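Q: This is coords26.txt, which holds compact mmCIF, C-alpha atoms:
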# COMPACT_ATOMS: atom_id res chain seq x y z
CA MET A 1 8.52 -10.00 30.70
CA SER A 2 8.08 -10.66 34.39
CA HIS A 3 6.10 -13.61 35.66
CA PRO A 4 4.88 -13.53 39.24
CA HIS A 5 5.64 -17.22 39.80
CA HIS A 6 9.32 -16.79 38.93
CA PRO A 7 11.93 -15.00 40.98
CA GLU A 8 13.12 -11.78 39.38
CA HIS A 9 16.46 -13.18 38.28
CA HIS A 10 16.33 -16.63 36.84
CA LEU A 11 17.69 -18.76 34.06
CA PRO A 12 15.32 -19.47 31.18
CA SER A 13 13.09 -22.30 32.28
CA THR A 14 10.08 -22.53 30.04
CA TYR A 15 10.27 -23.63 26.42
CA HIS A 16 9.56 -20.13 25.09
CA GLU A 17 12.06 -18.45 27.43
CA LYS A 18 14.76 -20.85 26.25
CA LEU A 19 13.80 -20.27 22.64
CA THR A 20 13.93 -16.47 23.12
CA ALA A 21 17.35 -16.66 24.79
CA ALA A 22 18.68 -18.92 22.02
CA VAL A 23 17.40 -16.62 19.26
CA ILE A 24 18.89 -13.52 20.95
CA GLU A 25 22.26 -15.26 21.29
CA LEU A 26 22.21 -16.43 17.69
CA LEU A 27 21.27 -12.98 16.37
CA ALA A 28 24.19 -11.46 18.31
CA GLU A 29 26.65 -14.22 17.35
CA LYS A 30 25.82 -13.94 13.67
CA LYS A 31 25.94 -10.13 13.94
CA VAL A 32 22.39 -9.81 12.62
CA LEU A 33 21.33 -7.80 15.64
CA PRO A 34 24.22 -6.86 17.92
CA PRO A 35 23.44 -6.07 21.59
CA GLU A 36 24.35 -2.40 21.17
CA LYS A 37 21.56 -2.06 18.63
CA ILE A 38 19.07 -3.57 21.06
CA ARG A 39 20.39 -1.18 23.71
CA ALA A 40 20.00 1.78 21.33
CA ALA A 41 16.44 0.75 20.49
CA ILE A 42 15.55 0.59 24.18
CA ASP A 43 17.15 4.02 24.75
CA ALA A 44 15.16 5.49 21.86
CA MET A 45 11.98 3.98 23.27
CA ASP A 46 12.70 5.35 26.75
CA ALA A 47 13.44 8.81 25.36
CA ARG A 48 9.85 9.21 24.19
CA GLY A 49 7.35 10.47 26.72
CA PRO A 50 4.15 12.46 27.21
CA ASN A 51 6.07 15.69 26.58
CA LEU A 52 5.79 14.87 22.86
CA GLY A 53 2.02 14.45 23.01
CA ALA A 54 1.74 17.63 25.09
CA LYS A 55 3.64 19.55 22.43
CA VAL A 56 1.14 18.41 19.79
CA VAL A 57 -1.89 19.27 21.95
CA ALA A 58 -0.51 22.70 22.93
CA ARG A 59 0.02 23.56 19.27
CA ALA A 60 -3.54 22.47 18.46
CA TRP A 61 -4.85 24.71 21.26
CA VAL A 62 -3.14 27.84 19.91
CA ASP A 63 -3.37 27.18 16.16
CA PRO A 64 -6.86 26.33 14.80
CA GLU A 65 -5.49 25.55 11.33
CA PHE A 66 -3.01 23.06 12.81
CA LYS A 67 -5.84 21.53 14.84
CA LYS A 68 -7.85 20.97 11.65
CA ARG A 69 -4.89 19.23 10.02
CA LEU A 70 -4.24 17.20 13.18
CA LEU A 71 -7.82 15.91 13.30
CA ALA A 72 -7.76 15.15 9.56
CA ASP A 73 -4.41 13.31 9.55
CA GLY A 74 -2.64 12.92 12.89
CA SER A 75 0.53 11.34 11.50
CA LYS A 76 1.10 14.10 8.94
CA ALA A 77 0.44 16.90 11.44
CA CYS A 78 2.94 15.41 13.91
CA ALA A 79 5.57 15.32 11.17
CA GLU A 80 5.17 19.13 10.88
CA LEU A 81 6.44 19.33 14.48
CA GLY A 82 9.32 16.98 13.70
CA ILE A 83 7.69 14.04 15.47
CA ASP A 84 7.88 10.78 13.57
CA VAL A 85 5.00 8.50 14.48
CA GLY A 86 6.33 5.63 12.39
CA SER A 87 4.25 3.39 10.18
CA LEU A 88 1.15 3.37 12.36
CA LYS A 89 -1.58 5.88 11.71
CA LEU A 90 -2.33 8.38 14.43
CA LEU A 91 -5.94 9.33 14.97
CA VAL A 92 -6.64 12.29 17.25
CA VAL A 93 -10.08 12.48 18.87
CA GLU A 94 -11.24 15.81 20.24
CA ASN A 95 -13.02 16.31 23.54
CA THR A 96 -15.86 18.82 23.28
CA PRO A 97 -18.60 20.06 25.61
CA GLN A 98 -20.76 17.33 23.98
CA ALA A 99 -18.41 14.33 24.00
CA HIS A 100 -15.61 12.91 26.12
CA ASN A 101 -13.20 10.39 24.57
CA VAL A 102 -11.29 7.59 26.26
CA ILE A 103 -8.82 5.12 24.75
CA VAL A 104 -8.47 1.43 25.49
CA CYS A 105 -7.09 -1.65 23.77
CA THR A 106 -9.22 -4.61 24.75
CA LEU A 107 -7.27 -7.19 22.71
CA CYS A 108 -3.76 -6.36 23.94
CA SER A 109 -2.28 -2.98 24.94
CA CYS A 110 -1.92 -0.85 21.79
CA TYR A 111 -0.85 2.63 22.87
CA PRO A 112 0.51 5.75 21.14
CA LYS A 113 4.07 5.08 22.34
CA MET A 114 5.47 7.48 19.76
CA LEU A 115 3.76 10.35 21.60
CA LEU A 116 3.32 9.12 25.17
CA GLY A 117 6.21 6.69 25.71
CA ILE A 118 5.84 3.44 27.63
CA PRO A 119 2.25 2.83 28.81
CA PRO A 120 1.43 2.81 32.52
CA ALA A 121 0.87 -0.62 34.10
CA TRP A 122 -2.85 0.04 34.63
CA TYR A 123 -3.37 0.61 30.90
CA LYS A 124 -2.26 -2.99 30.30
CA SER A 125 -4.25 -4.46 33.18
CA LYS A 126 -7.12 -6.82 32.39
CA SER A 127 -9.33 -4.76 34.64
CA TYR A 128 -8.87 -1.50 32.71
CA ARG A 129 -9.07 -3.27 29.35
CA SER A 130 -12.31 -5.11 30.03
CA ARG A 131 -14.13 -2.57 32.19
CA THR A 132 -13.45 0.54 30.08
CA ALA A 133 -15.30 -1.03 27.16
CA ARG A 134 -18.31 -1.91 29.29
CA GLU A 135 -18.59 0.66 32.08
CA PRO A 136 -16.43 3.63 31.08
CA ARG A 137 -18.13 6.12 33.40
CA LYS A 138 -17.48 3.96 36.43
CA VAL A 139 -13.83 3.53 35.44
CA LEU A 140 -13.44 7.29 34.86
CA HIS A 141 -15.04 7.95 38.25
CA GLU A 142 -12.34 5.78 39.83
CA PHE A 143 -9.74 8.00 38.14
CA GLY A 144 -11.49 10.99 39.74
CA LEU A 145 -13.28 12.11 36.59
CA ASP A 146 -17.06 12.38 36.64
CA VAL A 147 -18.45 12.95 33.17
CA ASP A 148 -21.63 15.02 33.12
CA ASP A 149 -24.84 13.18 32.13
CA LYS A 150 -25.28 15.57 29.21
CA VAL A 151 -21.87 14.64 27.77
CA ALA A 152 -21.61 11.46 25.67
CA VAL A 153 -18.76 9.10 26.50
CA ARG A 154 -16.99 7.78 23.41
CA VAL A 155 -14.79 4.76 24.01
CA HIS A 156 -12.23 3.95 21.31
CA ASP A 157 -11.04 0.36 21.19
CA SER A 158 -7.63 0.35 19.52
CA THR A 159 -7.98 -3.00 17.79
CA ALA A 160 -6.02 -2.69 14.56
CA ASP A 161 -3.72 -0.27 12.71
CA MET A 162 -4.67 3.07 14.27
CA ARG A 163 -3.24 4.61 17.41
CA TYR A 164 -5.26 7.15 19.35
CA LEU A 165 -4.59 10.37 21.18
CA VAL A 166 -7.23 12.41 22.99
CA LEU A 167 -7.18 16.16 22.42
CA PRO A 168 -8.35 17.47 25.79
CA ILE A 169 -10.35 20.68 26.23
CA ARG A 170 -8.21 23.76 26.81
CA PRO A 171 -8.84 24.94 30.36
CA SER A 172 -10.36 28.38 30.82
CA GLY A 173 -8.12 31.06 32.30
CA THR A 174 -5.26 30.23 29.91
CA GLU A 175 -5.94 32.93 27.33
CA GLY A 176 -2.74 34.30 25.86
CA TRP A 177 -0.54 31.54 27.30
CA SER A 178 2.51 30.35 25.35
CA GLU A 179 2.62 26.81 23.95
CA GLU A 180 5.37 25.93 26.44
CA LYS A 181 3.28 27.07 29.41
CA LEU A 182 0.16 25.33 28.08
CA ALA A 183 2.08 22.08 27.60
CA GLU A 184 2.65 21.93 31.36
CA LEU A 185 -1.11 21.49 31.86
CA ILE A 186 -1.30 18.53 29.48
CA THR A 187 -0.80 15.24 31.29
CA ARG A 188 -0.42 11.72 29.97
CA ASP A 189 -3.75 10.76 31.52
CA SER A 190 -5.55 13.65 29.83
CA MET A 191 -4.31 12.36 26.47
CA ILE A 192 -5.56 8.82 27.22
CA GLY A 193 -8.86 10.35 28.31
CA VAL A 194 -8.99 9.28 31.96
CA ALA A 195 -8.52 12.88 33.12
CA GLN A 196 -8.99 16.46 31.95
CA ALA A 197 -6.05 18.76 31.35
CA ASN A 198 -4.89 20.39 34.59
CA GLU A 199 -6.43 23.67 35.67
CA PRO A 200 -4.07 26.68 35.53
CA THR A 201 -3.91 26.78 39.34
CA ALA A 202 -2.14 23.40 39.35
CA VAL A 203 0.96 24.81 37.62
CA MET B 1 -8.71 -0.30 -3.06
CA SER B 2 -12.31 0.74 -3.46
CA ALA B 3 -14.31 0.70 -0.27
CA ARG B 4 -17.58 -1.21 -0.12
CA PHE B 5 -19.02 1.01 2.62
CA ALA B 6 -19.15 4.77 3.12
CA PRO B 7 -19.30 6.85 6.32
CA GLY B 8 -22.83 6.76 7.70
CA ASP B 9 -23.64 3.30 6.26
CA ARG B 10 -25.32 0.88 8.66
CA VAL B 11 -23.43 -2.40 9.00
CA ARG B 12 -23.45 -5.60 10.97
CA VAL B 13 -20.34 -7.46 12.12
CA ARG B 14 -20.23 -11.06 10.93
CA GLU B 15 -20.94 -13.67 13.53
CA TRP B 16 -17.96 -15.74 12.60
CA PHE B 17 -15.35 -17.53 14.70
CA PRO B 18 -12.27 -18.39 12.63
CA PRO B 19 -9.10 -19.39 14.49
CA GLY B 20 -5.83 -17.43 14.34
CA HIS B 21 -4.78 -13.81 14.76
CA VAL B 22 -8.18 -12.12 14.52
CA ARG B 23 -8.51 -8.44 15.48
CA THR B 24 -12.30 -8.31 15.69
CA PRO B 25 -13.25 -8.48 19.37
CA TYR B 26 -15.71 -11.21 20.32
CA TYR B 27 -17.98 -8.75 22.09
CA VAL B 28 -18.90 -6.99 18.86
CA ARG B 29 -19.57 -9.96 16.61
CA GLY B 30 -23.14 -9.94 15.32
CA LYS B 31 -23.64 -6.33 16.50
CA ARG B 32 -24.94 -3.47 14.39
CA GLY B 33 -23.25 -0.10 14.03
CA GLU B 34 -22.46 2.75 11.69
CA ILE B 35 -19.36 3.43 9.61
CA GLU B 36 -17.61 6.36 11.34
CA ARG B 37 -14.79 6.69 8.82
CA ILE B 38 -12.58 4.81 6.41
CA CYS B 39 -9.07 4.43 7.87
CA GLY B 40 -7.31 3.28 4.70
CA THR B 41 -6.04 0.00 3.30
CA PHE B 42 -3.92 -2.30 5.45
CA ASN B 43 -2.66 -5.83 5.23
CA ASN B 44 -5.08 -8.34 6.66
CA PRO B 45 -3.59 -9.19 10.09
CA GLU B 46 -5.07 -12.67 9.89
CA ARG B 47 -2.48 -13.41 7.18
CA LEU B 48 0.19 -10.86 8.10
CA ALA B 49 0.62 -12.61 11.45
CA TYR B 50 1.82 -15.65 9.51
CA ASN B 51 4.24 -13.58 7.42
CA ARG B 52 1.86 -13.34 4.46
CA PRO B 53 1.54 -9.62 3.67
CA ASP B 54 -0.51 -10.38 0.56
CA ASP B 55 -4.09 -9.59 1.43
CA PRO B 56 -4.87 -5.84 1.65
CA LYS B 57 -8.21 -4.94 3.19
CA VAL B 58 -10.05 -1.68 3.71
CA LEU B 59 -10.17 -0.82 7.41
CA TYR B 60 -13.13 1.05 8.89
CA ARG B 61 -13.97 2.57 12.22
CA VAL B 62 -17.44 1.45 13.20
CA ARG B 63 -19.41 3.27 15.89
CA PHE B 64 -21.66 1.14 18.07
CA MET B 65 -24.10 2.32 20.69
CA GLN B 66 -23.14 0.87 24.08
CA THR B 67 -26.75 -0.34 24.41
CA GLU B 68 -26.41 -2.39 21.20
CA VAL B 69 -23.15 -4.00 22.30
CA TRP B 70 -24.02 -4.82 25.92
CA GLY B 71 -27.81 -4.69 25.99
CA ARG B 72 -27.43 -1.90 28.52
CA ALA B 73 -25.41 1.28 28.98
CA GLU B 74 -24.50 3.70 31.74
CA ARG B 75 -26.07 6.44 29.55
CA SER B 76 -27.97 5.88 26.31
CA SER B 77 -25.73 8.46 24.57
CA ASP B 78 -22.53 6.45 25.04
CA THR B 79 -20.70 4.76 22.18
CA ILE B 80 -17.75 2.51 21.42
CA ASP B 81 -15.74 2.87 18.20
CA ILE B 82 -13.86 -0.16 16.90
CA GLU B 83 -11.59 -0.70 13.90
CA ILE B 84 -12.91 -3.50 11.71
CA TYR B 85 -11.66 -4.86 8.38
CA GLU B 86 -14.07 -4.99 5.46
CA HIS B 87 -14.38 -8.78 5.26
CA TRP B 88 -15.90 -8.75 8.74
CA LEU B 89 -18.73 -6.39 7.76
CA GLU B 90 -22.02 -6.89 5.94
CA PRO B 91 -24.81 -4.41 5.22
CA GLU B 92 -27.39 -4.24 8.00
CA GLN B 93 -30.57 -6.07 6.95
Is it possible to give me this structure as structure tokens?

A:
Amino acid sequence: MSHPHHPEHHLPSTYHEKLTAAVIELLAEKKVLPPEKIRAAIDAMDARGPNLGAKVVARAWVDPEFKKRLLADGSKACAELGIDVGSLKLLVVENTPQAHNVIVCTLCSCYPKMLLGIPPAWYKSKSYRSRTAREPRKVLHEFGLDVDDKVAVRVHDSTADMRYLVLPIRPSGTEGWSEEKLAELITRDSMIGVAQANEPTAV
Amino acid sequence: MSARFAPGDRVRVREWFPPGHVRTPYYVRGKRGEIERICGTFNNPERLAYNRPDDPKVLYRVRFMQTEVWGRAERSSDTIDIEIYEHWLEPEQ
């Protein structure tokens, strides 16, 4: 946790920083949670990234039966691809010509880390969190995405036990493409809903 | 657990302000919406946060019109879906 009023490297100074440091030291000393386990957990967290989400979306684009299962039970469908989404429930929301979906967590910064990795800083910013709930079209415009007036914007506030992934629309001109090639068009932002999938010309 | 509400039911979020680890955003309290789906049964976070995993609740996704939540909207078609536990919901009168 970085605090702007502290230099980057500092000794614990606040009550809670001291408490955290003391608990970490005690857990290591008593061999409850050795440092190498913390290290391994961080490595495992860092190893996850949007490539996992892209794999899921690409499969849904080429396999309509998989897409049905994915929309019905996201966690179960991911397990078919060998992706463990943990104890949280994954809910996949599909973009259509009638509705565009965008994900936000107004209370904190809930994010589908198991499929997209560590969230970008803007996702956790107060500005994104408060404005996306209230003026999503304006926020999307600032990301370079103008949603047509005829398309409904559906905001999803990730407030409790579900985690969300947007299933973007498959771009035209990709007929017959392999899953691997399709996955290259699927960006992190398109799975949060602040962008569309890339057009084939961008690859 | 049996669910009190079904998809399509009209509900209102309780206008209620208990202290603690509450996952119902302020901006939606007292607002009316429609059950979008039942998410399942989960431990009530208001107790789980204090290490008391003893109070399972049905969790719903409720769809609100942006106009209902904010009194205005960029487009009248736009919605916001929020996960809300059953004890926060009452039938719309």

Q: Hey, list the chain B side of the contact with chain A: 9 Å cut-off, all atoms listed in the file, answer as number ranges by chain.

A: B: 23-25, 39, 42, 45, 59, 66, 69-70, 73-85

Q: Which residues, written as a tab-separated table (two decimals) with C-alpha atoms, keeping the file's coordinate frame, have at least one atom at most 12 Å from Leu185 in chain A, with only C-alpha atoms counted and residues fewer than 5 positions away on the same chain left out?

A:
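Generated output (selection10.tsv):
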chain	number	residue	atom	x	y	z
A	50	PRO	CA	4.15	12.46	27.21
A	51	ASN	CA	6.07	15.69	26.58
A	53	GLY	CA	2.02	14.45	23.01
A	54	ALA	CA	1.74	17.63	25.09
A	55	LYS	CA	3.64	19.55	22.43
A	57	VAL	CA	-1.89	19.27	21.95
A	58	ALA	CA	-0.51	22.70	22.93
A	61	TRP	CA	-4.85	24.71	21.26
A	168	PRO	CA	-8.35	17.47	25.79
A	169	ILE	CA	-10.35	20.68	26.23
A	170	ARG	CA	-8.21	23.76	26.81
A	171	PRO	CA	-8.84	24.94	30.36
A	172	SER	CA	-10.36	28.38	30.82
A	173	GLY	CA	-8.12	31.06	32.30
A	174	THR	CA	-5.26	30.23	29.91
A	177	TRP	CA	-0.54	31.54	27.30
A	178	SER	CA	2.51	30.35	25.35
A	179	GLU	CA	2.62	26.81	23.95
A	180	GLU	CA	5.37	25.93	26.44
A	190	SER	CA	-5.55	13.65	29.83
A	191	MET	CA	-4.31	12.36	26.47
A	195	ALA	CA	-8.52	12.88	33.12
A	196	GLN	CA	-8.99	16.46	31.95
A	197	ALA	CA	-6.05	18.76	31.35
A	198	ASN	CA	-4.89	20.39	34.59
A	199	GLU	CA	-6.43	23.67	35.67
A	200	PRO	CA	-4.07	26.68	35.53
A	201	THR	CA	-3.91	26.78	39.34
A	202	ALA	CA	-2.14	23.40	39.35
A	203	VAL	CA	0.96	24.81	37.62

Q: If you measure from CA of Ala121 in chain A to CA of Ser109 in chain A, what distance in Å do you get, rounded to one decimal?

A: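 Those two atoms sit 10.0 Å apart.
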
Q: Write out as lines of an AutoDock Vina configuration file an axis-aligned box for range 22-31 of chain B: all of its atoms listed in the file, 3 Å added on each side, centre and edge lengths in Å with one decimal.

A:
center_x = -15.9
center_y = -9.2
center_z = 18.3
size_x = 21.5
size_y = 11.8
size_z = 13.6

Q: Please compute the CA of Arg32 in chain B-CA of Arg4 in chain B distance, one decimal, in Å.

A: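 Separating CA of Arg32 in chain B from CA of Arg4 in chain B is a distance of 16.4 Å.
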